[in-house]
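data-v8.csv follows; it contains CSV, C-alpha atoms.
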chain,number,residue,atom,x,y,z
A,1,MET,CA,196.2,136.4,201.0
A,2,ALA,CA,193.4,137.2,203.4
A,3,LYS,CA,191.1,139.9,202.0
A,4,GLY,CA,188.5,142.2,203.4
A,5,GLY,CA,188.5,144.1,206.7
A,6,SER,CA,191.2,143.4,209.2
A,7,LYS,CA,191.1,139.6,209.0
A,8,PRO,CA,194.5,138.3,210.1
A,9,HIS,CA,196.6,136.5,207.6
A,10,THR,CA,197.5,132.9,208.4
A,11,LYS,CA,201.1,131.9,209.4
A,12,GLU,CA,201.6,130.4,206.0
A,13,GLU,CA,200.4,133.6,204.2
A,14,PHE,CA,202.8,135.6,206.4
A,15,VAL,CA,205.8,133.4,205.5
A,16,ASP,CA,204.9,133.4,201.8
A,17,ALA,CA,204.5,137.2,201.8
A,18,TYR,CA,207.7,137.7,203.8
A,19,VAL,CA,209.8,135.6,201.3
A,20,ALA,CA,208.2,137.4,198.4
A,21,MET,CA,208.8,140.9,199.7
A,22,PRO,CA,210.4,143.1,197.0
A,23,GLU,CA,214.1,143.6,197.5
A,24,ALA,CA,213.8,147.4,198.0
A,25,GLU,CA,211.3,146.8,200.9
A,26,GLN,CA,213.6,144.2,202.4
A,27,VAL,CA,216.5,146.7,202.4
A,28,ARG,CA,214.3,149.4,203.9
A,29,LEU,CA,213.2,147.0,206.6
A,30,LEU,CA,216.8,146.2,207.5
A,31,ARG,CA,217.8,149.9,207.5
A,32,LYS,CA,214.8,150.7,209.8
A,33,ALA,CA,215.8,147.7,212.1
A,34,GLU,CA,219.2,149.2,212.4
A,35,LEU,CA,217.8,152.5,213.6
A,36,LEU,CA,215.4,150.8,216.0
A,37,ALA,CA,218.3,148.8,217.4
A,38,PHE,CA,219.9,152.0,218.4
A,39,LYS,CA,217.3,152.2,221.2
A,40,THR,CA,218.1,148.8,222.6
A,41,ASN,CA,220.8,146.2,223.0
A,42,MET,CA,219.2,144.0,220.4
A,43,SER,CA,220.8,143.6,217.0
A,44,PRO,CA,218.8,144.6,213.9
A,45,ASP,CA,218.7,140.9,212.9
A,46,ASP,CA,217.3,140.0,216.3
A,47,LEU,CA,214.6,142.6,216.1
A,48,LEU,CA,213.6,141.3,212.7
A,49,SER,CA,213.6,137.6,213.7
A,50,GLU,CA,211.7,138.4,216.9
A,51,ALA,CA,209.0,140.2,214.9
A,52,ALA,CA,208.7,137.2,212.6
A,53,THR,CA,208.7,134.8,215.5
A,54,ARG,CA,205.9,136.6,217.3
A,55,THR,CA,203.9,136.5,214.1
A,56,ILE,CA,204.5,132.8,213.4
A,57,GLU,CA,203.6,131.9,217.0
A,58,GLY,CA,200.4,134.0,216.8
A,59,GLU,CA,201.5,136.4,219.5
A,60,ARG,CA,201.1,139.2,216.9
A,61,ASN,CA,198.8,139.1,214.0
A,62,TRP,CA,199.3,140.7,210.6
A,63,SER,CA,196.0,142.0,209.6
A,64,GLY,CA,194.7,141.7,206.0
A,65,ASP,CA,194.8,145.3,205.0
A,66,LEU,CA,198.2,146.4,206.3
A,67,PRO,CA,201.2,146.2,204.0
A,68,LEU,CA,203.7,143.6,205.4
A,69,PRO,CA,206.7,146.0,205.7
A,70,VAL,CA,204.5,148.5,207.7
A,71,TYR,CA,203.3,145.7,210.0
A,72,LEU,CA,206.8,144.4,210.5
A,73,TYR,CA,208.2,147.8,211.3
A,74,GLY,CA,205.4,148.4,213.8
A,75,VAL,CA,206.1,145.1,215.6
A,76,MET,CA,209.9,145.8,215.7
A,77,ARG,CA,209.3,149.2,217.1
A,78,SER,CA,207.0,147.8,219.8
A,79,ILE,CA,209.7,145.2,220.7
A,80,ALA,CA,212.4,147.9,220.7
A,81,ASP,CA,210.3,150.1,223.0
A,82,ALA,CA,209.6,147.3,225.4
A,83,GLU,CA,213.2,146.2,225.4
A,84,ARG,CA,214.3,149.7,226.1
A,85,LYS,CA,212.0,150.0,229.1
A,86,SER,CA,213.4,146.8,230.4
A,87,LEU,CA,217.0,147.9,229.8
A,88,ARG,CA,216.3,151.2,231.5
A,89,LYS,CA,215.2,149.3,234.6
A,90,GLN,CA,218.2,147.0,234.5
A,91,GLY,CA,220.6,149.9,233.8
A,92,GLU,CA,219.2,151.7,236.8
A,93,ARG,CA,219.8,148.7,239.0
A,94,VAL,CA,223.3,147.9,237.6
A,95,GLY,CA,224.3,151.6,238.1
A,96,ILE,CA,223.3,151.8,241.7
A,97,ASP,CA,224.7,148.4,242.5
A,98,ALA,CA,228.1,149.3,240.9
A,99,LEU,CA,228.2,152.4,243.1
A,100,VAL,CA,227.7,150.3,246.2
A,101,GLU,CA,230.2,147.7,245.1
A,102,VAL,CA,233.1,150.2,244.7
A,103,GLY,CA,232.3,151.6,248.1
A,104,ALA,CA,231.1,154.9,246.9
A,105,GLU,CA,229.1,157.0,249.3
A,106,PRO,CA,225.5,156.0,249.2
A,107,PRO,CA,223.3,158.5,247.5
A,108,SER,CA,222.4,161.3,249.9
A,109,THR,CA,219.2,161.8,248.1
A,110,SER,CA,216.5,159.1,247.7
A,111,ARG,CA,217.4,156.0,245.8
A,112,ASN,CA,215.0,156.8,243.0
A,113,SER,CA,216.6,160.1,242.3
A,114,GLU,CA,220.0,158.5,241.9
A,115,GLU,CA,218.6,155.8,239.6
A,116,LEU,CA,216.9,158.4,237.5
A,117,MET,CA,220.1,160.4,237.2
A,118,ILE,CA,222.0,157.3,235.9
A,119,ALA,CA,219.3,156.6,233.3
A,120,ALA,CA,219.3,160.3,232.2
A,121,GLU,CA,223.1,160.1,231.7
A,122,GLU,CA,222.7,157.0,229.7
A,123,TYR,CA,220.4,158.6,227.2
A,124,ALA,CA,222.4,161.8,227.1
A,125,VAL,CA,225.4,159.6,226.2
A,126,ARG,CA,223.6,158.1,223.3
A,127,ASN,CA,222.5,161.5,222.0
A,128,SER,CA,226.0,162.9,222.4
A,129,ALA,CA,227.4,159.9,220.5
A,130,ILE,CA,225.1,160.6,217.6
A,131,LEU,CA,226.0,164.3,217.5
A,132,SER,CA,229.8,163.6,217.7
A,133,LEU,CA,229.5,161.7,214.4
A,134,PHE,CA,228.9,165.0,212.7
A,135,ASP,CA,231.7,167.2,214.0
A,136,ASP,CA,233.0,167.5,210.5
A,137,ASP,CA,229.6,168.0,208.8
A,138,GLU,CA,227.9,171.2,210.0
A,139,GLU,CA,224.8,170.8,208.0
A,140,ALA,CA,224.1,167.3,209.1
A,141,LEU,CA,224.9,168.3,212.7
A,142,MET,CA,222.3,171.1,212.5
A,143,VAL,CA,219.7,168.7,211.1
A,144,ILE,CA,220.3,166.1,213.9
A,145,MET,CA,220.4,168.8,216.6
A,146,GLY,CA,217.1,170.1,215.2
A,147,ASP,CA,215.6,166.6,215.2
A,148,LEU,CA,216.7,166.0,218.8
A,149,ASP,CA,215.2,169.3,219.8
A,150,GLU,CA,212.0,168.8,217.8
A,151,VAL,CA,212.6,171.8,215.5
A,152,SER,CA,210.2,171.4,212.5
A,153,ALA,CA,211.7,170.3,209.2
A,154,GLU,CA,210.6,173.5,207.6
A,155,ASP,CA,212.3,175.7,210.2
A,156,LEU,CA,215.5,173.6,209.9
A,157,ARG,CA,215.5,173.9,206.1
A,158,GLN,CA,215.1,177.7,206.4
A,159,MET,CA,217.8,177.9,208.9
A,160,LEU,CA,220.1,176.1,206.6
A,161,GLY,CA,218.9,178.1,203.6
A,162,VAL,CA,218.5,175.1,201.3
A,163,ASP,CA,215.7,173.8,199.1
A,164,LYS,CA,213.7,170.7,200.0
A,165,THR,CA,215.8,168.4,197.8
A,166,ALA,CA,219.0,169.6,199.3
A,167,PHE,CA,217.5,169.3,202.8
A,168,ALA,CA,216.4,165.7,202.2
A,169,SER,CA,219.8,164.9,200.9
A,170,ILE,CA,221.5,166.3,204.1
A,171,ARG,CA,219.2,164.2,206.3
A,172,ARG,CA,219.9,161.1,204.2
A,173,ARG,CA,223.6,161.7,204.5
A,174,ALA,CA,223.2,162.0,208.3
A,175,ARG,CA,221.1,158.8,208.4
A,176,ARG,CA,223.6,156.8,206.4
A,177,LYS,CA,226.5,158.0,208.5
A,178,LEU,CA,224.7,156.9,211.7
A,179,ALA,CA,223.8,153.5,210.2
A,180,SER,CA,227.4,153.1,209.1
A,181,ALA,CA,228.8,154.0,212.5
A,182,TYR,CA,226.5,151.7,214.4
A,183,PRO,CA,225.5,148.9,212.1
A,184,SER,CA,224.4,146.7,215.0
A,185,GLY,CA,222.7,149.5,216.9
A,186,TRP,CA,223.8,150.8,220.2
A,187,ARG,CA,225.7,148.1,222.1
A,188,ALA,CA,227.5,150.2,224.8
A,189,LEU,CA,225.3,149.2,227.7
B,1,MET,CA,212.9,166.8,237.8
B,2,MET,CA,215.2,163.9,237.0
B,3,SER,CA,212.4,161.9,235.4
B,4,THR,CA,211.8,164.8,233.1
B,5,LYS,CA,215.5,164.8,232.1
B,6,ARG,CA,215.5,161.1,231.4
B,7,ASP,CA,212.3,161.1,229.4
B,8,LYS,CA,213.5,164.2,227.5
B,9,SER,CA,216.7,162.4,226.4
B,10,ALA,CA,214.9,159.3,225.4
B,11,ASP,CA,212.2,161.2,223.6
B,12,GLN,CA,214.8,163.3,221.8
B,13,LEU,CA,216.4,160.1,220.6
B,14,ASP,CA,213.1,158.7,219.4
B,15,ARG,CA,212.3,161.8,217.5
B,16,ALA,CA,215.6,161.9,215.7
B,17,LEU,CA,215.3,158.2,214.8
B,18,ASP,CA,211.7,158.6,213.7
B,19,ARG,CA,212.7,161.3,211.2
B,20,MET,CA,215.4,159.0,209.8
B,21,VAL,CA,212.9,156.2,209.5
B,22,GLU,CA,210.7,158.6,207.5
B,23,ASP,CA,213.6,159.3,205.3
B,24,ILE,CA,214.1,155.6,204.6
B,25,SER,CA,210.4,155.3,203.6
B,26,ALA,CA,210.8,158.3,201.3
B,27,THR,CA,214.0,156.9,199.6
B,28,SER,CA,213.3,155.6,196.1
B,29,ASP,CA,213.7,151.9,195.3
B,30,LYS,CA,216.7,152.7,193.1
B,31,GLU,CA,218.4,154.8,195.7
B,32,ILE,CA,217.8,152.3,198.6
B,33,LEU,CA,219.1,149.5,196.5
B,34,SER,CA,222.2,151.5,195.7
B,35,GLU,CA,222.5,152.2,199.4
B,36,ALA,CA,222.4,148.4,200.1
B,37,ILE,CA,225.3,147.8,197.8
B,38,VAL,CA,227.4,150.4,199.7
B,39,ALA,CA,226.3,149.2,203.1
B,40,TYR,CA,226.2,145.5,202.7
B,41,GLY,CA,228.4,144.8,199.7
B,42,SER,CA,225.4,143.8,197.5
B,43,ILE,CA,221.6,143.8,197.4
B,44,GLY,CA,221.7,140.1,197.9
B,45,GLY,CA,223.7,140.6,201.1
B,46,ALA,CA,220.9,142.7,202.6
B,47,VAL,CA,218.2,140.3,201.3
B,48,ALA,CA,220.0,137.3,202.8
B,49,ARG,CA,220.0,138.9,206.2
B,50,VAL,CA,216.3,139.7,206.1
B,51,GLN,CA,215.5,136.2,204.9
B,52,SER,CA,217.8,134.7,207.5
B,53,ALA,CA,215.8,136.4,210.2
B,54,LEU,CA,212.7,134.6,209.0
B,55,LYS,CA,214.5,131.2,209.0
B,56,GLU,CA,215.8,131.9,212.5
B,57,ALA,CA,212.2,132.7,213.5
B,58,GLN,CA,210.9,129.5,212.0
B,59,LYS,CA,213.7,127.5,213.7
B,60,ARG,CA,212.9,129.2,217.1
B,61,SER,CA,209.2,128.5,216.7
B,62,GLY,CA,209.9,124.9,215.7
B,63,LYS,CA,212.2,124.4,218.7
B,64,LYS,CA,209.6,125.9,221.0
B,65,LYS,CA,206.9,123.6,219.7
B,66,LEU,CA,209.3,120.6,220.2
B,67,GLU,CA,210.0,121.7,223.7
B,68,GLU,CA,206.3,122.1,224.4
B,69,ALA,CA,205.6,118.6,223.0
B,70,ARG,CA,208.5,117.2,225.1
B,71,ALA,CA,207.1,118.9,228.2
B,72,GLU,CA,203.6,117.5,227.5
B,73,LEU,CA,205.0,114.0,227.0
B,74,ALA,CA,207.0,114.3,230.2
B,75,ALA,CA,203.9,115.4,232.0
B,76,VAL,CA,202.0,112.4,230.7
B,77,LYS,CA,204.9,110.1,231.6
B,78,SER,CA,205.0,111.5,235.1
B,79,ILE,CA,201.5,110.2,235.7
B,80,THR,CA,201.9,106.7,237.2
B,81,PRO,CA,200.7,104.4,234.5
B,82,PHE,CA,197.6,102.5,235.2
B,83,SER,CA,197.2,104.2,238.5
B,84,GLY,CA,193.4,104.1,237.9
B,85,VAL,CA,193.0,100.4,238.0
B,86,THR,CA,195.9,99.6,240.3
B,87,GLY,CA,194.4,102.0,242.8
B,88,LEU,CA,191.3,99.9,243.1
B,89,SER,CA,190.7,97.5,246.0
B,90,ILE,CA,192.1,94.0,245.8
B,91,ALA,CA,188.6,92.6,245.5
B,92,ALA,CA,187.7,94.8,242.6
B,93,LYS,CA,191.0,93.9,240.9
B,94,ARG,CA,190.3,90.2,241.3
B,95,LYS,CA,186.8,90.8,239.9
B,96,ILE,CA,188.2,92.4,236.8
B,97,LEU,CA,190.7,89.5,236.4
B,98,GLN,CA,187.9,87.0,236.7
B,99,ARG,CA,186.3,88.4,233.6
B,100,PHE,CA,189.4,87.6,231.7
B,101,ALA,CA,190.1,84.3,233.3
B,102,GLU,CA,189.0,82.4,230.3
B,103,ASN,CA,191.2,84.4,227.9
B,104,ASP,CA,194.6,83.6,226.7
B,105,ASN,CA,196.6,84.1,229.9
B,106,PRO,CA,197.4,80.6,231.1
B,107,LYS,CA,198.7,81.6,234.4
B,108,LEU,CA,195.7,83.7,235.1
B,109,THR,CA,193.3,81.0,233.9
B,110,MET,CA,195.0,78.4,236.1
B,111,ALA,CA,195.0,80.6,239.1
B,112,ALA,CA,191.4,81.5,238.7
B,113,ARG,CA,190.3,77.9,238.2
B,114,ASN,CA,192.4,76.4,241.0
B,115,GLY,CA,191.9,79.2,243.4
B,116,VAL,CA,195.6,79.8,243.6
B,117,PRO,CA,196.2,83.0,245.4
B,118,ILE,CA,198.0,85.7,243.4
B,119,GLY,CA,199.8,88.5,245.0
B,120,GLU,CA,198.6,92.1,244.5
B,121,ALA,CA,201.8,93.1,242.7
B,122,GLU,CA,201.2,90.3,240.2
B,123,ILE,CA,197.6,91.2,239.8
B,124,ASP,CA,198.6,94.8,239.0
B,125,GLY,CA,201.1,93.5,236.4
B,126,MET,CA,198.3,91.5,234.8
B,127,LEU,CA,195.9,94.4,234.8
B,128,GLU,CA,198.6,96.5,233.2
B,129,ASP,CA,199.0,93.8,230.5
B,130,LEU,CA,195.2,93.9,229.9
B,131,ILE,CA,195.3,97.7,229.5
B,132,GLU,CA,198.3,97.4,227.2
B,133,ILE,CA,196.5,95.0,224.9
B,134,GLY,CA,193.4,97.2,225.0
B,135,ALA,CA,191.2,94.7,226.8
B,136,ILE,CA,190.3,97.2,229.6
B,137,ASP,CA,190.7,100.9,230.1
B,138,GLU,CA,192.7,102.5,232.8
B,139,GLN,CA,189.8,102.3,235.2
B,140,GLY,CA,189.4,98.5,234.5
B,141,ASN,CA,186.3,98.8,232.3
B,142,PRO,CA,186.1,96.4,229.4
B,143,ILE,CA,186.7,98.0,226.1

Using structure tokens, write down the structure that the file contains.
Amino acid sequence: MAKGGSKPHTKEEFVDAYVAMPEAEQVRLLRKAELLAFKTNMSPDDLLSEAATRTIEGERNWSGDLPLPVYLYGVMRSIADAERKSLRKQGERVGIDALVEVGAEPPSTSRNSEELMIAAEEYAVRNSAILSLFDDDEEALMVIMGDLDEVSAEDLRQMLGVDKTAFASIRRRARRKLASAYPSGWRAL
Amino acid sequence: MMSTKRDKSADQLDRALDRMVEDISATSDKEILSEAIVAYGSIGGAVARVQSALKEAQKRSGKKKLEEARAELAAVKSITPFSGVTGLSIAAKRKILQRFAENDNPKLTMAARNGVPIGEAEIDGMLEDLIEIGAIDEQGNPI
């Protein structure tokens, strides 16, 4: 393994370390990939293999002092964000073209405003889909709604009137339910 | 503004997912391994998927390298072989051949000695042979 500073690991070191990753870290990585896949049309497995491919091909470098799972999560997140940007553009185009194809009235406002409205709806649909999973679990629903609205964890905990352990347990329950409902990420586009 | 609405929805989703990712990091080894059994049937099932992603990456990378090598080879092949020497003037070509007239090409030797005219296409063929056996380089220089 490379040592000292941020000297990048070699491709061989990367492969060896990847294979030797502890099981718990591998499971965490897969779980995180599932969540990241929710942002895109890529599957969790694709995100993982794309992160590995970019490292093997030297497009991304794993530096010496960064734990491998942290590095891989960072690369996957960056891929997911880039993919989402690209999807957003495609979605905008597809949306507007579909309107034209079915003979709908062309948007009276500027084309850009129409495109943005379609994109906004797309994200609102995803958020609603998450919330709808928790119709029968009020605590989890509150946590997710709070997360979406950037309510602090502490405020949420106090609103629910539970201790930290119980709060962590509610969030975990919500996360597992989401992962179970969308094991391959969001594929509705 | 519409752009604000779009960004807000996407940012909201990011925040919710980020907090769930934090929860995964905070989950103990024991608990995350138990979770794997429920979610994937076994710990091995999850590990196999993660390892399979690496194998897929290695395969993709190998395939890409092969394609690059093929493209490189095709590019080399697309260059007309021996264009250097065959692009020389007929006189220059004859001069090169003269240097090898005493070598083991009977036809060439005979032609050189008897002053039998050889067509340019035939000369090119002979020059190509000389390059192939390593007697001259692609520019006609002796090696």

- Can you tell me how far atom CA of Ser61 of chain B sits from atom CA of Ala24 of chain A, in Å to one decimal? 27.0 Å

- Message: Can you work out which residues from chain B touch chain A at a cut-off of 6 Å (counting all atoms listed in the file) and hand them back as a PyMOL selection string?
- Response: chain B and resi 2+5-6+9-10+12+16+20-21+29+33+46+53-54+57

Polymer residues at most 9 Å from segment 82-97 of chain B, all atoms listed in the file, same-chain spacing of 6 or more positions, as an mmCIF file with C-alpha atoms, keeping the file's coordinate frame:
data_model
loop_
_atom_site.group_PDB
_atom_site.id
_atom_site.type_symbol
_atom_site.label_atom_id
_atom_site.label_comp_id
_atom_site.auth_asym_id
_atom_site.auth_seq_id
_atom_site.Cartn_x
_atom_site.Cartn_y
_atom_site.Cartn_z
ATOM 1 C CA LEU B 108 195.700 83.700 235.100
ATOM 2 C CA ALA B 112 191.400 81.500 238.700
ATOM 3 C CA GLU B 120 198.600 92.100 244.500
ATOM 4 C CA ILE B 123 197.600 91.200 239.800
ATOM 5 C CA ASP B 124 198.600 94.800 239.000
ATOM 6 C CA GLY B 125 201.100 93.500 236.400
ATOM 7 C CA MET B 126 198.300 91.500 234.800
ATOM 8 C CA LEU B 127 195.900 94.400 234.800
ATOM 9 C CA GLU B 128 198.600 96.500 233.200
ATOM 10 C CA ILE B 131 195.300 97.700 229.500
ATOM 11 C CA ILE B 136 190.300 97.200 229.600
ATOM 12 C CA ASP B 137 190.700 100.900 230.100
ATOM 13 C CA GLU B 138 192.700 102.500 232.800
ATOM 14 C CA GLN B 139 189.800 102.300 235.200
ATOM 15 C CA GLY B 140 189.400 98.500 234.500
ATOM 16 C CA ASN B 141 186.300 98.800 232.300
ATOM 17 C CA PRO B 142 186.100 96.400 229.400
#

- Query: Out of B:Asp14, B:Arg99, B:Glu132, B:Gln58, which residue has the shortest atom-to-atom distance to Phe14 of chain A when counting all atoms listed in the file?
  - Reply: B:Gln58

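Going from atom CA of Thr40 of chain A to atom CA of Gly185 of chain A covers 7.4 Å.
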
- Message: Would you compute the distance between atom CA of Leu66 of chain A and atom CA of Leu13 of chain B? Give it in Å to one decimal.
- Response: 26.9 Å
